[in-house]
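What follows is coords.txt (compact mmCIF, C-alpha atoms and all ligand atoms).
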```txt
# COMPACT_ATOMS: atom_id res chain seq x y z
CA MET A 1 -5.99 3.56 30.02
CA ASN A 2 -2.64 2.86 28.38
CA ASN A 3 -0.14 5.70 28.61
CA GLN A 4 2.81 3.92 27.06
CA LEU A 5 4.79 6.15 24.72
CA PHE A 6 6.54 4.55 21.74
CA ASN A 7 9.79 5.92 20.42
CA PHE A 8 9.62 6.57 16.68
CA ASP A 9 12.79 8.69 16.85
CA LEU A 10 14.84 5.59 17.62
CA LEU A 11 17.42 4.81 14.93
CA VAL A 12 17.55 1.03 14.61
CA ASP A 13 20.54 -0.27 12.67
CA ARG A 14 19.08 -2.45 9.89
CA ARG A 15 22.27 -2.79 7.89
CA ASP A 16 23.05 -6.34 9.07
CA SER A 17 19.49 -7.62 8.97
CA ASP A 18 19.17 -8.61 5.29
CA SER A 19 16.65 -5.80 4.88
CA CYS A 20 15.80 -5.23 1.18
CA LYS A 21 15.66 -1.52 1.84
CA TRP A 22 19.06 -1.20 3.53
CA SER A 23 21.00 -3.95 1.70
CA LEU A 24 20.67 -2.14 -1.63
CA TYR A 25 23.05 0.57 -0.46
CA SER A 26 25.15 -1.43 2.01
CA GLU A 27 28.42 -0.42 0.35
CA VAL A 28 27.65 3.25 -0.22
CA ASP A 29 26.49 6.25 1.77
CA VAL A 30 22.96 6.44 0.40
CA LEU A 31 19.98 6.86 2.72
CA PRO A 32 17.38 4.30 1.63
CA LEU A 33 13.98 5.95 1.35
CA TRP A 34 12.55 3.66 -1.29
CA VAL A 35 10.71 0.34 -0.73
CA ALA A 36 7.60 0.67 1.42
CA ASP A 37 8.51 -0.57 4.84
CA THR A 38 9.29 1.72 7.74
CA ASP A 39 12.33 1.97 9.97
CA PHE A 40 10.21 1.90 13.14
CA MET A 41 10.55 -0.81 15.78
CA VAL A 42 7.27 -2.73 15.85
CA ALA A 43 4.75 -2.52 18.69
CA PRO A 44 6.05 -4.42 21.75
CA ALA A 45 2.82 -6.44 21.80
CA ILE A 46 3.82 -7.95 18.46
CA THR A 47 7.35 -8.83 19.56
CA ASP A 48 5.98 -10.33 22.80
CA ALA A 49 3.46 -12.49 20.93
CA LEU A 50 6.15 -13.68 18.50
CA GLN A 51 8.55 -14.50 21.33
CA ARG A 52 5.87 -16.49 23.12
CA ARG A 53 5.08 -18.41 19.94
CA VAL A 54 8.76 -19.05 19.17
CA ALA A 55 9.30 -20.33 22.71
CA HIS A 56 6.73 -23.06 22.00
CA GLY A 57 9.32 -24.60 19.69
CA ILE A 58 7.09 -26.34 17.11
CA PHE A 59 6.16 -24.62 13.87
CA GLY A 60 4.05 -27.08 11.90
CA TYR A 61 1.23 -26.35 9.41
CA THR A 62 -1.16 -24.01 11.15
CA ASN A 63 -4.82 -23.05 10.78
CA THR A 64 -5.91 -19.43 10.88
CA PRO A 65 -6.70 -18.69 14.53
CA ILE A 66 -10.44 -18.21 15.07
CA ARG A 67 -9.65 -15.10 17.10
CA LEU A 68 -7.85 -13.55 14.12
CA ASN A 69 -10.95 -13.94 11.96
CA GLU A 70 -13.09 -12.48 14.77
CA LEU A 71 -10.75 -9.51 15.03
CA ILE A 72 -11.14 -8.74 11.31
CA VAL A 73 -14.92 -9.06 11.46
CA GLU A 74 -15.03 -6.74 14.50
CA ARG A 75 -12.60 -4.33 12.87
CA MET A 76 -14.61 -3.98 9.64
CA GLN A 77 -17.72 -3.30 11.72
CA ARG A 78 -16.05 -0.85 14.11
CA LEU A 79 -14.02 1.13 11.57
CA TYR A 80 -16.23 1.01 8.49
CA ASN A 81 -19.66 -0.05 9.69
CA TRP A 82 -19.24 -2.96 7.29
CA ALA A 83 -20.78 -6.24 8.39
CA ILE A 84 -18.76 -9.09 6.96
CA ASP A 85 -19.06 -12.82 7.55
CA PRO A 86 -15.93 -14.70 8.69
CA SER A 87 -16.44 -17.16 5.83
CA TRP A 88 -15.67 -14.32 3.39
CA LEU A 89 -12.06 -14.15 4.61
CA VAL A 90 -9.30 -15.76 2.58
CA TRP A 91 -5.86 -15.48 4.20
CA MET A 92 -2.98 -15.03 1.79
CA PRO A 93 0.79 -14.53 2.18
CA GLY A 94 0.61 -11.20 0.34
CA VAL A 95 -1.54 -8.63 -1.40
CA VAL A 96 0.46 -8.84 -4.64
CA GLY A 97 -0.20 -12.59 -4.79
CA SER A 98 -3.91 -11.91 -4.25
CA MET A 99 -3.98 -9.42 -7.13
CA HIS A 100 -2.49 -12.05 -9.41
CA VAL A 101 -4.87 -14.74 -8.18
CA ALA A 102 -7.79 -12.36 -8.75
CA CYS A 103 -6.68 -11.87 -12.37
CA ARG A 104 -6.09 -15.59 -12.93
CA SER A 105 -9.33 -16.71 -11.35
CA LEU A 106 -11.64 -14.18 -12.99
CA CYS A 107 -10.07 -13.49 -16.38
CA ASP A 108 -8.87 -15.39 -19.42
CA ALA A 109 -7.05 -14.36 -22.60
CA THR A 110 -10.20 -12.71 -23.99
CA HIS A 111 -10.61 -10.47 -20.94
CA SER A 112 -9.09 -7.12 -20.01
CA VAL A 113 -8.18 -5.84 -16.58
CA LEU A 114 -8.51 -2.12 -15.96
CA ILE A 115 -5.44 -0.76 -14.20
CA PRO A 116 -4.60 2.78 -13.01
CA SER A 117 -2.05 4.56 -15.21
CA VAL A 118 -0.15 5.65 -12.10
CA ALA A 119 0.14 2.82 -9.62
CA TYR A 120 2.25 0.50 -7.53
CA PRO A 121 4.23 -1.47 -10.18
CA TYR A 122 2.51 -4.85 -9.74
CA PHE A 123 -0.78 -3.30 -10.87
CA HIS A 124 0.81 -2.90 -14.27
CA SER A 125 2.37 -6.34 -14.50
CA ALA A 126 -0.34 -8.53 -12.90
CA PRO A 127 -2.70 -8.84 -15.90
CA GLY A 128 0.05 -9.78 -18.38
CA LEU A 129 1.64 -12.26 -15.99
CA SER A 130 -1.81 -13.77 -15.47
CA GLY A 131 -2.47 -14.34 -19.16
CA CYS A 132 -5.00 -11.57 -19.72
CA ASN A 133 -4.97 -8.11 -21.29
CA SER A 134 -4.91 -4.75 -19.59
CA GLN A 135 -6.56 -1.39 -20.21
CA LEU A 136 -4.86 1.64 -18.72
CA MET A 137 -7.29 3.88 -16.80
CA VAL A 138 -6.09 7.45 -17.01
CA MET A 139 -5.30 9.01 -13.67
CA THR A 140 -5.32 12.78 -13.56
CA ARG A 141 -4.18 15.33 -11.03
CA SER A 142 -7.32 17.17 -9.98
CA ASN A 143 -7.12 19.80 -7.22
CA ARG A 144 -3.66 18.42 -6.42
CA ARG A 145 -5.05 14.89 -5.91
CA TRP A 146 -4.48 11.83 -8.08
CA VAL A 147 -7.87 10.53 -9.19
CA ILE A 148 -9.22 8.24 -11.88
CA ASP A 149 -10.68 10.13 -14.83
CA LEU A 150 -14.17 8.63 -14.69
CA GLU A 151 -15.36 10.23 -17.93
CA LYS A 152 -12.50 8.67 -19.85
CA LEU A 153 -13.00 5.39 -18.01
CA ALA A 154 -16.68 5.25 -18.98
CA LEU A 155 -15.69 5.55 -22.65
CA GLN A 156 -12.95 2.97 -22.31
CA ILE A 157 -14.95 0.10 -20.87
CA ASP A 158 -15.77 -2.43 -23.58
CA ASN A 159 -16.92 -6.02 -23.94
CA SER A 160 -13.51 -7.35 -22.94
CA SER A 161 -13.39 -5.39 -19.66
CA GLN A 162 -13.88 -7.77 -16.75
CA LEU A 163 -11.98 -6.70 -13.67
CA MET A 164 -10.62 -3.47 -12.27
CA LEU A 165 -7.59 -3.25 -10.00
CA PHE A 166 -8.14 -0.27 -7.74
CA CYS A 167 -5.89 1.21 -5.06
CA ASN A 168 -7.29 3.13 -2.08
CA PRO A 169 -5.58 4.91 -0.38
CA HIS A 170 -3.58 5.45 -3.49
CA ASN A 171 0.08 4.49 -3.74
CA PRO A 172 1.99 6.53 -4.86
CA GLY A 173 -0.39 9.53 -5.02
CA GLY A 174 -1.56 9.42 -1.39
CA ALA A 175 -5.25 10.18 -2.05
CA VAL A 176 -7.98 8.81 0.21
CA TYR A 177 -11.06 8.51 -1.99
CA THR A 178 -14.25 10.15 -0.79
CA VAL A 179 -17.66 8.58 -0.60
CA SER A 180 -18.80 10.44 -3.72
CA GLU A 181 -15.71 9.43 -5.71
CA LEU A 182 -16.14 5.82 -4.63
CA SER A 183 -19.88 5.82 -5.30
CA ALA A 184 -19.38 7.10 -8.85
CA LEU A 185 -16.77 4.41 -9.48
CA ALA A 186 -18.94 1.69 -7.93
CA GLU A 187 -21.88 2.73 -10.07
CA LEU A 188 -19.76 2.41 -13.18
CA MET A 189 -18.56 -1.02 -12.08
CA VAL A 190 -22.04 -2.31 -11.33
CA SER A 191 -23.70 -0.87 -14.43
CA ASN A 192 -21.01 -2.44 -16.63
CA ASP A 193 -21.05 -5.78 -14.82
CA LEU A 194 -17.40 -5.43 -13.74
CA ILE A 195 -15.62 -6.80 -10.70
CA VAL A 196 -13.42 -4.60 -8.53
CA CYS A 197 -10.32 -5.89 -6.78
CA SER A 198 -9.58 -3.11 -4.32
CA ASP A 199 -6.10 -2.99 -2.80
CA GLU A 200 -6.61 -1.23 0.53
CA ILE A 201 -3.30 -2.20 2.13
CA HIS A 202 -2.72 1.41 3.25
CA CYS A 203 -6.16 1.76 4.89
CA ASP A 204 -4.80 2.15 8.44
CA LEU A 205 -2.40 4.91 7.42
CA VAL A 206 -4.74 7.85 6.87
CA LEU A 207 -2.93 11.00 7.99
CA GLU A 208 -5.57 13.59 7.17
CA ALA A 209 -8.09 14.11 9.96
CA GLY A 210 -11.69 13.99 8.76
CA MET A 211 -10.89 11.84 5.72
CA PRO A 212 -12.03 8.38 6.75
CA HIS A 213 -11.01 5.37 4.77
CA ILE A 214 -14.04 3.76 3.13
CA PRO A 215 -13.76 0.27 1.66
CA ILE A 216 -15.48 0.50 -1.73
CA ALA A 217 -17.18 -2.83 -1.02
CA SER A 218 -18.88 -1.36 2.06
CA LEU A 219 -20.89 1.15 0.00
CA ASN A 220 -23.80 -1.10 -0.94
CA LYS A 221 -24.74 -4.71 -1.58
CA ALA A 222 -24.43 -4.41 -5.36
CA ILE A 223 -20.74 -3.47 -5.29
CA GLU A 224 -20.07 -5.73 -2.29
CA LYS A 225 -21.14 -8.74 -4.36
CA ARG A 226 -18.76 -7.72 -7.14
CA SER A 227 -15.73 -7.08 -4.94
CA ILE A 228 -12.48 -8.48 -3.65
CA THR A 229 -10.99 -6.30 -0.91
CA LEU A 230 -7.32 -6.75 -0.05
CA MET A 231 -5.93 -5.64 3.29
CA ALA A 232 -2.96 -6.53 5.50
CA PRO A 233 -1.25 -5.52 8.73
CA SER A 234 2.12 -5.40 6.94
CA LYS A 235 2.45 -1.71 5.99
CA THR A 236 0.81 -0.36 9.12
CA PHE A 237 2.63 -2.49 11.67
CA ASN A 238 5.91 -2.90 9.77
CA ILE A 239 5.70 -6.67 9.47
CA ALA A 240 5.94 -7.06 5.67
CA GLY A 241 8.66 -9.71 6.10
CA LEU A 242 6.18 -11.94 7.91
CA SER A 243 3.94 -12.41 4.86
CA CYS A 244 0.37 -12.16 6.07
CA SER A 245 -2.63 -10.55 4.40
CA PHE A 246 -6.27 -11.24 3.73
CA ALA A 247 -8.84 -10.96 0.99
CA ILE A 248 -12.50 -10.30 1.72
CA ILE A 249 -14.60 -11.98 -0.96
CA PRO A 250 -18.32 -11.80 -0.18
CA ASP A 251 -19.59 -13.73 -3.22
CA GLU A 252 -19.32 -17.47 -2.69
CA ALA A 253 -18.79 -18.41 -6.35
CA MET A 254 -16.06 -15.80 -6.73
CA ARG A 255 -14.43 -16.96 -3.51
CA LEU A 256 -14.43 -20.52 -4.76
CA LYS A 257 -12.80 -19.50 -8.06
CA PHE A 258 -10.19 -17.50 -6.14
CA SER A 259 -9.38 -20.45 -3.85
CA GLN A 260 -9.30 -22.84 -6.80
CA ALA A 261 -6.78 -20.64 -8.66
CA SER A 262 -4.60 -20.51 -5.53
CA LYS A 263 -4.47 -24.27 -5.10
CA GLY A 264 -0.98 -25.74 -5.21
CA ILE A 265 0.58 -22.33 -5.84
CA ILE A 266 -0.15 -20.30 -2.73
CA PRO A 267 1.53 -21.90 0.28
CA TYR A 268 0.14 -22.43 3.76
CA LEU A 269 0.14 -19.25 5.76
CA ASN A 270 3.21 -18.49 7.84
CA LEU A 271 2.20 -19.04 11.45
CA LEU A 272 4.43 -16.24 12.74
CA GLY A 273 2.74 -13.89 10.29
CA MET A 274 -0.63 -14.80 11.75
CA THR A 275 0.71 -14.51 15.30
CA ALA A 276 1.97 -11.00 14.53
CA ALA A 277 -1.24 -10.04 12.71
CA GLN A 278 -3.38 -11.15 15.63
CA ALA A 279 -1.29 -9.20 18.15
CA ALA A 280 -1.31 -6.14 15.87
CA TYR A 281 -5.07 -6.10 15.44
CA GLU A 282 -5.77 -6.99 19.09
CA TYR A 283 -3.31 -4.66 20.81
CA GLY A 284 -1.79 -2.36 18.18
CA ASP A 285 -4.23 0.55 17.94
CA ASP A 286 -2.48 2.76 20.47
CA TRP A 287 0.90 2.16 18.81
CA ASN A 288 -0.54 2.96 15.39
CA ASN A 289 -2.25 6.13 16.63
CA GLN A 290 1.12 7.35 17.83
CA GLN A 291 2.72 6.27 14.56
CA ILE A 292 0.12 8.26 12.63
CA ASP A 293 0.92 11.37 14.69
CA TYR A 294 4.62 10.86 13.97
CA LEU A 295 4.07 10.29 10.26
CA ARG A 296 1.79 13.33 10.05
CA ALA A 297 4.54 15.48 11.54
CA ASN A 298 7.08 13.97 9.11
CA ARG A 299 4.70 14.66 6.23
CA ASP A 300 4.15 18.27 7.28
CA TYR A 301 7.88 18.85 7.67
CA LEU A 302 8.63 17.21 4.31
CA SER A 303 5.90 19.14 2.46
CA ILE A 304 7.24 22.47 3.65
CA GLU A 305 10.86 21.58 2.92
CA ILE A 306 10.30 19.99 -0.50
CA ASN A 307 8.05 22.78 -1.72
CA ARG A 308 10.71 25.28 -0.62
CA ILE A 309 13.28 23.70 -2.95
CA ARG A 310 13.28 25.30 -6.40
CA GLY A 311 11.99 22.88 -9.02
CA LEU A 312 10.42 20.32 -6.64
CA LYS A 313 6.70 20.04 -5.94
CA LEU A 314 4.80 17.92 -3.48
CA ASP A 315 1.00 17.74 -3.36
CA PRO A 316 -0.88 17.18 -0.09
CA ILE A 317 -0.59 13.58 1.14
CA GLU A 318 -3.80 12.30 2.70
CA ALA A 319 -2.53 8.81 3.54
CA THR A 320 0.52 6.50 3.43
CA TYR A 321 4.12 7.31 4.31
CA LEU A 322 4.96 7.83 0.65
CA ALA A 323 5.61 11.19 -0.98
CA TRP A 324 5.15 11.47 -4.75
CA ILE A 325 7.48 14.30 -5.67
CA ASP A 326 7.27 16.12 -9.02
CA VAL A 327 10.85 16.69 -10.22
CA SER A 328 10.00 17.52 -13.83
CA GLU A 329 11.29 21.10 -13.67
CA LEU A 330 14.80 19.80 -13.05
CA LYS A 331 14.69 18.16 -16.50
CA LEU A 332 16.80 15.21 -15.38
CA ILE A 333 17.40 12.26 -17.69
CA ASP A 334 17.54 9.79 -14.79
CA PRO A 335 16.02 11.41 -11.67
CA LYS A 336 16.61 8.38 -9.46
CA ALA A 337 20.32 8.19 -10.35
CA PHE A 338 20.68 11.94 -9.81
CA PHE A 339 19.50 11.72 -6.19
CA GLU A 340 21.34 8.46 -5.55
CA ALA A 341 24.55 10.25 -6.51
CA ALA A 342 23.58 12.84 -3.90
CA GLY A 343 23.17 10.14 -1.22
CA VAL A 344 19.39 9.61 -1.23
CA GLY A 345 17.80 6.38 -2.52
CA LEU A 346 14.30 7.00 -3.88
CA SER A 347 11.92 4.94 -6.03
CA ALA A 348 11.95 5.81 -9.72
CA GLY A 349 8.70 7.36 -10.93
CA ASP A 350 8.70 5.40 -14.18
CA GLU A 351 8.23 2.18 -12.19
CA PHE A 352 4.85 3.65 -11.20
CA GLY A 353 4.04 5.08 -14.63
CA ASP A 354 5.46 8.62 -14.59
CA ASN A 355 9.12 9.54 -14.97
CA ASN A 356 8.40 13.13 -13.89
CA TYR A 357 8.18 11.91 -10.32
CA LEU A 358 10.16 10.20 -7.61
CA ARG A 359 8.67 8.44 -4.59
CA LEU A 360 10.14 9.10 -1.15
CA ASN A 361 9.34 6.91 1.86
CA PHE A 362 9.12 9.11 4.96
CA GLY A 363 8.39 6.24 7.35
CA CYS A 364 11.63 6.79 9.22
CA PRO A 365 13.00 8.67 12.24
CA ARG A 366 12.91 12.45 11.72
CA SER A 367 16.71 12.76 11.98
CA LEU A 368 17.13 10.50 8.94
CA LEU A 369 14.50 12.42 7.00
CA GLU A 370 16.20 15.72 7.85
CA GLU A 371 19.53 14.41 6.61
CA ALA A 372 17.88 13.24 3.38
CA VAL A 373 16.23 16.62 2.85
CA LYS A 374 19.57 18.34 3.41
CA ARG A 375 21.19 16.15 0.74
CA ILE A 376 18.32 16.72 -1.70
CA GLU A 377 18.53 20.48 -1.21
CA ILE A 378 22.30 20.59 -1.77
CA ALA A 379 22.02 18.44 -4.91
CA VAL A 380 19.30 20.64 -6.40
CA ASP A 381 21.23 23.83 -5.53
CA VAL A 382 24.28 22.46 -7.33
CA HIS A 383 22.08 21.44 -10.27
CA TRP A 384 20.70 24.97 -10.67
CA SER A 385 24.12 26.57 -10.30
CA ASP A 386 25.51 24.23 -12.96
CA PRO A 387 22.53 22.84 -14.89
C1 LIG B 1 -0.55 -0.63 -2.88
C2 LIG B 1 0.30 -1.79 -2.46
N1 LIG B 1 -0.15 -3.04 -2.65
C3 LIG B 1 0.58 -4.11 -2.30
C4 LIG B 1 1.83 -3.97 -1.73
C5 LIG B 1 2.63 -5.17 -1.36
O1 LIG B 1 1.87 -6.07 -0.64
P1 LIG B 1 2.41 -7.49 -0.22
O2 LIG B 1 3.77 -7.29 0.36
O3 LIG B 1 1.41 -7.97 0.79
O4 LIG B 1 2.41 -8.34 -1.44
C6 LIG B 1 2.33 -2.68 -1.53
C7 LIG B 1 3.68 -2.50 -0.98
O5 LIG B 1 4.24 -1.44 -0.99
C8 LIG B 1 1.55 -1.58 -1.88
O6 LIG B 1 1.96 -0.32 -1.68
```

The structure given in the file should be rewritten as structure tokens.
Amino acid sequence: MNNQLFNFDLLVDRRDSDSCKWSLYSEVDVLPLWVADTDFMVAPAITDALQRRVAHGIFGYTNTPIRLNELIVERMQRLYNWAIDPSWLVWMPGVVGSMHVACRSLCDATHSVLIPSVAYPYFHSAPGLSGCNSQLMVMTRSNRRWVIDLEKLALQIDNSSQLMLFCNPHNPGGAVYTVSELSALAELMVSNDLIVCSDEIHCDLVLEAGMPHIPIASLNKAIEKRSITLMAPSKTFNIAGLSCSFAIIPDEAMRLKFSQASKGIIPYLNLLGMTAAQAAYEYGDDWNNQQIDYLRANRDYLSIEINRIRGLKLDPIEATYLAWIDVSELKLIDPKAFFEAAGVGLSAGDEFGDNNYLRLNFGCPRSLLEEAVKRIEIAVDVHWSDP
């Protein structure tokens, strides 16, 4: 039994590391709680594996390690009772690239891609950049959870609809979709002969006990055949800079189209990314379990504090380290700029499809989060005293 405790309270100085997150505010006193990577030191098993690989001293073109494929197959079986074949795996530098390749390989200018109205920004831009059309699926807030309005969706699907980009767990809303929600969606996909590209990059970051992540493709053979599932170790293990992700594409013809569309555009996989991914999936569970506990405590703290501040609202977050905060009552023209001026760097809601919100990344040591909350509270107090 491993009793090693990992220190998520540790403040690691990222200012001189070319970090996207920290470089944005290098000249000003703004706490960066925006782009989705965490400020946690990675699991020592990952650093050890990288150091061993670097010590080898040769970094030529590299095949995907057989063990890495085995780990994914075992993982899908163990976590989701989903039996996948290693030949279904397509390794890719990133999930965003895979979304674009999915659009390019499966759609042409006559096709439409269904995209959630509230979503990670690339969901909105991928169809257009890939030369196809998009149809906005309305997301509604139901019982304080962001869900797709299936009734509206059923009416929206037409002859041009070909592919749906789906996000589970949902960024920025934080919902983990239940088996009945997923089954209803899958039924709609299958009955309308649609393909689902399901971005499940946040699957290992479920904070709510008793809410298991379920890959939509694992529900039944009919939806499995019509699916592309995208996952990665990057969000969970804080290795986004190492560019490593995978697509699970059960249907051979679809897989071939996907690989064909990638040819000459998607580069060889970064060997250090694969080294880190293998170490993460082989040895990282204990680290991630402790991370989940830490994030859950951060979430609980943040929910209480944000909902205490007049004019701010935060719904329950089932997964991810991202908080989707409703700031509409403050009636701000530029919510992001308002909080930046107060020393907190958040993601603008309009980038995700709703300017009434801001997204806050709470994947950071508690002391940093507490300082951010303090600044938010002071700024809102001043706003109400002098609106
Ligand atoms: C839902 C979602 N998909 C994809 C990505 C980015 O994935 P990648 O860096 O592998 O392209 C993110 C990053 O925040 C995300 O939240």

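If you measure from each of A:Gly349, A:Gly97, A:Pro365, A:Pro233 to A:Gly173 using all atoms listed in the file, the closest one turns out to be A:Gly349.
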
For stretch 272-288 of chain A, please output as a list in words all residues within 7 Å (counting only C-alpha atoms; exclusion window: fewer than 2 positions along the same chain).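 Skipping anything fewer than 2 positions along the chain leaves Phe6, Ala43, Ala45, Ile46, Ala49, Leu50, Leu68, Leu71, Pro233, Phe237, Leu242, Ser243, Cys244, Asn270, Gln290, Gln291 and Ile292 of chain A.
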
Create the file for the chosen residues now, containing C-alpha atoms and written as a PDB file, in the coordinates of the input.
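Final output, saved to result-v4.pdb:
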```pdb
ATOM      1  CA  PHE A   6       6.540   4.550  21.740  1.00  0.00           C
ATOM      2  CA  ALA A  43       4.750  -2.520  18.690  1.00  0.00           C
ATOM      3  CA  ALA A  45       2.820  -6.440  21.800  1.00  0.00           C
ATOM      4  CA  ILE A  46       3.820  -7.950  18.460  1.00  0.00           C
ATOM      5  CA  ALA A  49       3.460 -12.490  20.930  1.00  0.00           C
ATOM      6  CA  LEU A  50       6.150 -13.680  18.500  1.00  0.00           C
ATOM      7  CA  LEU A  68      -7.850 -13.550  14.120  1.00  0.00           C
ATOM      8  CA  LEU A  71     -10.750  -9.510  15.030  1.00  0.00           C
ATOM      9  CA  PRO A 233      -1.250  -5.520   8.730  1.00  0.00           C
ATOM     10  CA  PHE A 237       2.630  -2.490  11.670  1.00  0.00           C
ATOM     11  CA  LEU A 242       6.180 -11.940   7.910  1.00  0.00           C
ATOM     12  CA  SER A 243       3.940 -12.410   4.860  1.00  0.00           C
ATOM     13  CA  CYS A 244       0.370 -12.160   6.070  1.00  0.00           C
ATOM     14  CA  ASN A 270       3.210 -18.490   7.840  1.00  0.00           C
ATOM     15  CA  GLN A 290       1.120   7.350  17.830  1.00  0.00           C
ATOM     16  CA  GLN A 291       2.720   6.270  14.560  1.00  0.00           C
ATOM     17  CA  ILE A 292       0.120   8.260  12.630  1.00  0.00           C
TER      18      ILE A 292
END
```

At a cut-off of 10 Å, using all atoms listed in the file, what residues contact A:Ser367? Leave out same-chain residues fewer than 6 positions from it and give the result as number ranges by chain. A: 9-11, 373

I want to know what sits within 12 Å of stretch 20-30 of chain A, based on all atoms listed in the file, with residues of the same chain fewer than 2 positions away left out; could you give that as a ChimeraX atom specification? /A:12-18,32-39,240-241,336-347,361,363-364,368,371-372,375-376

Next, the residues of the selection above should be written as a compact mmCIF listing (two decimals), in the coordinates of the input with C-alpha atoms.
```txt
# COMPACT_ATOMS: atom_id res chain seq x y z
CA VAL A 12 17.55 1.03 14.61
CA ASP A 13 20.54 -0.27 12.67
CA ARG A 14 19.08 -2.45 9.89
CA ARG A 15 22.27 -2.79 7.89
CA ASP A 16 23.05 -6.34 9.07
CA SER A 17 19.49 -7.62 8.97
CA ASP A 18 19.17 -8.61 5.29
CA PRO A 32 17.38 4.30 1.63
CA LEU A 33 13.98 5.95 1.35
CA TRP A 34 12.55 3.66 -1.29
CA VAL A 35 10.71 0.34 -0.73
CA ALA A 36 7.60 0.67 1.42
CA ASP A 37 8.51 -0.57 4.84
CA THR A 38 9.29 1.72 7.74
CA ASP A 39 12.33 1.97 9.97
CA ALA A 240 5.94 -7.06 5.67
CA GLY A 241 8.66 -9.71 6.10
CA LYS A 336 16.61 8.38 -9.46
CA ALA A 337 20.32 8.19 -10.35
CA PHE A 338 20.68 11.94 -9.81
CA PHE A 339 19.50 11.72 -6.19
CA GLU A 340 21.34 8.46 -5.55
CA ALA A 341 24.55 10.25 -6.51
CA ALA A 342 23.58 12.84 -3.90
CA GLY A 343 23.17 10.14 -1.22
CA VAL A 344 19.39 9.61 -1.23
CA GLY A 345 17.80 6.38 -2.52
CA LEU A 346 14.30 7.00 -3.88
CA SER A 347 11.92 4.94 -6.03
CA ASN A 361 9.34 6.91 1.86
CA GLY A 363 8.39 6.24 7.35
CA CYS A 364 11.63 6.79 9.22
CA LEU A 368 17.13 10.50 8.94
CA GLU A 371 19.53 14.41 6.61
CA ALA A 372 17.88 13.24 3.38
CA ARG A 375 21.19 16.15 0.74
CA ILE A 376 18.32 16.72 -1.70
```

Can you check which parts of chain A lie within 8 Å of ligand LIG 1 (chain B)? Per residue, the shortest pair of atoms and distance in Å to one decimal, counting all atoms listed in the file, sorted by chain and number, as a Markdown table.
```
| residue | atom | partner | partner_atom | distance |
| --- | --- | --- | --- | --- |
| A:Val35 | CA | B:LIG1 | O5 | 6.7 |
| A:Ala36 | CA | B:LIG1 | O5 | 4.6 |
| A:Asp37 | CA | B:LIG1 | O5 | 7.3 |
| A:Pro93 | CA | B:LIG1 | O3 | 6.7 |
| A:Gly94 | CA | B:LIG1 | O3 | 3.4 |
| A:Val95 | CA | B:LIG1 | O3 | 3.7 |
| A:Val96 | CA | B:LIG1 | O4 | 3.8 |
| A:Gly97 | CA | B:LIG1 | O4 | 6.0 |
| A:Ser98 | CA | B:LIG1 | O4 | 7.8 |
| A:Ala119 | CA | B:LIG1 | C1 | 7.6 |
| A:Tyr120 | CA | B:LIG1 | C1 | 5.5 |
| A:Tyr122 | CA | B:LIG1 | C3 | 7.7 |
| A:Cys167 | CA | B:LIG1 | C1 | 6.1 |
| A:Asn168 | CA | B:LIG1 | C1 | 7.8 |
| A:Pro169 | CA | B:LIG1 | C1 | 7.9 |
| A:His170 | CA | B:LIG1 | C1 | 6.8 |
| A:Asn171 | CA | B:LIG1 | C1 | 5.2 |
| A:Pro172 | CA | B:LIG1 | O6 | 7.6 |
| A:Asp199 | CA | B:LIG1 | N1 | 6.0 |
| A:Glu200 | CA | B:LIG1 | C1 | 7.0 |
| A:Ile201 | CA | B:LIG1 | N1 | 5.8 |
| A:His202 | CA | B:LIG1 | C1 | 6.8 |
| A:Ala232 | CA | B:LIG1 | O3 | 6.6 |
| A:Ser234 | CA | B:LIG1 | O3 | 6.7 |
| A:Lys235 | CA | B:LIG1 | C7 | 7.1 |
| A:Ala240 | CA | B:LIG1 | O2 | 5.7 |
| A:Gly241 | CA | B:LIG1 | O2 | 7.9 |
| A:Ser243 | CA | B:LIG1 | O3 | 6.5 |
| A:Cys244 | CA | B:LIG1 | O3 | 6.8 |
| A:Ser245 | CA | B:LIG1 | O3 | 6.0 |
```

Set up a box along x, y and z of the file covering all listed atoms of stretch 213-226 of chain A, add 4 Å on every one of the six sides, and write the centre and edge lengths in Å to one decimal, as JSON.
```
{"center_x": -17.9, "center_y": -1.7, "center_z": -1.2, "size_x": 21.7, "size_y": 22.1, "size_z": 19.9}
```

Out of A:Ala102, A:Leu330, A:Met211, A:Ala379, which residue has the shortest atom-to-atom distance to A:Ile228 when counting only C-alpha atoms? A:Ala102

Quick one: stretch 327-331 of chain A with N, CA and C atoms, as a PDB file, in the frame of the given file?
```pdb
ATOM      1  N   VAL A 327       9.498  16.159 -10.004  1.00  0.00           N
ATOM      2  CA  VAL A 327      10.850  16.690 -10.220  1.00  0.00           C
ATOM      3  C   VAL A 327      11.027  17.145 -11.660  1.00  0.00           C
ATOM      4  N   SER A 328       9.913  17.291 -12.379  1.00  0.00           N
ATOM      5  CA  SER A 328      10.000  17.520 -13.830  1.00  0.00           C
ATOM      6  C   SER A 328      10.757  18.795 -14.193  1.00  0.00           C
ATOM      7  N   GLU A 329      10.635  19.825 -13.332  1.00  0.00           N
ATOM      8  CA  GLU A 329      11.290  21.100 -13.670  1.00  0.00           C
ATOM      9  C   GLU A 329      12.816  20.975 -13.722  1.00  0.00           C
ATOM     10  N   LEU A 330      13.339  19.963 -13.045  1.00  0.00           N
ATOM     11  CA  LEU A 330      14.800  19.800 -13.050  1.00  0.00           C
ATOM     12  C   LEU A 330      15.300  19.250 -14.398  1.00  0.00           C
ATOM     13  N   LYS A 331      14.369  18.711 -15.171  1.00  0.00           N
ATOM     14  CA  LYS A 331      14.690  18.160 -16.500  1.00  0.00           C
ATOM     15  C   LYS A 331      15.874  17.161 -16.431  1.00  0.00           C
TER      16      LYS A 331
END
```
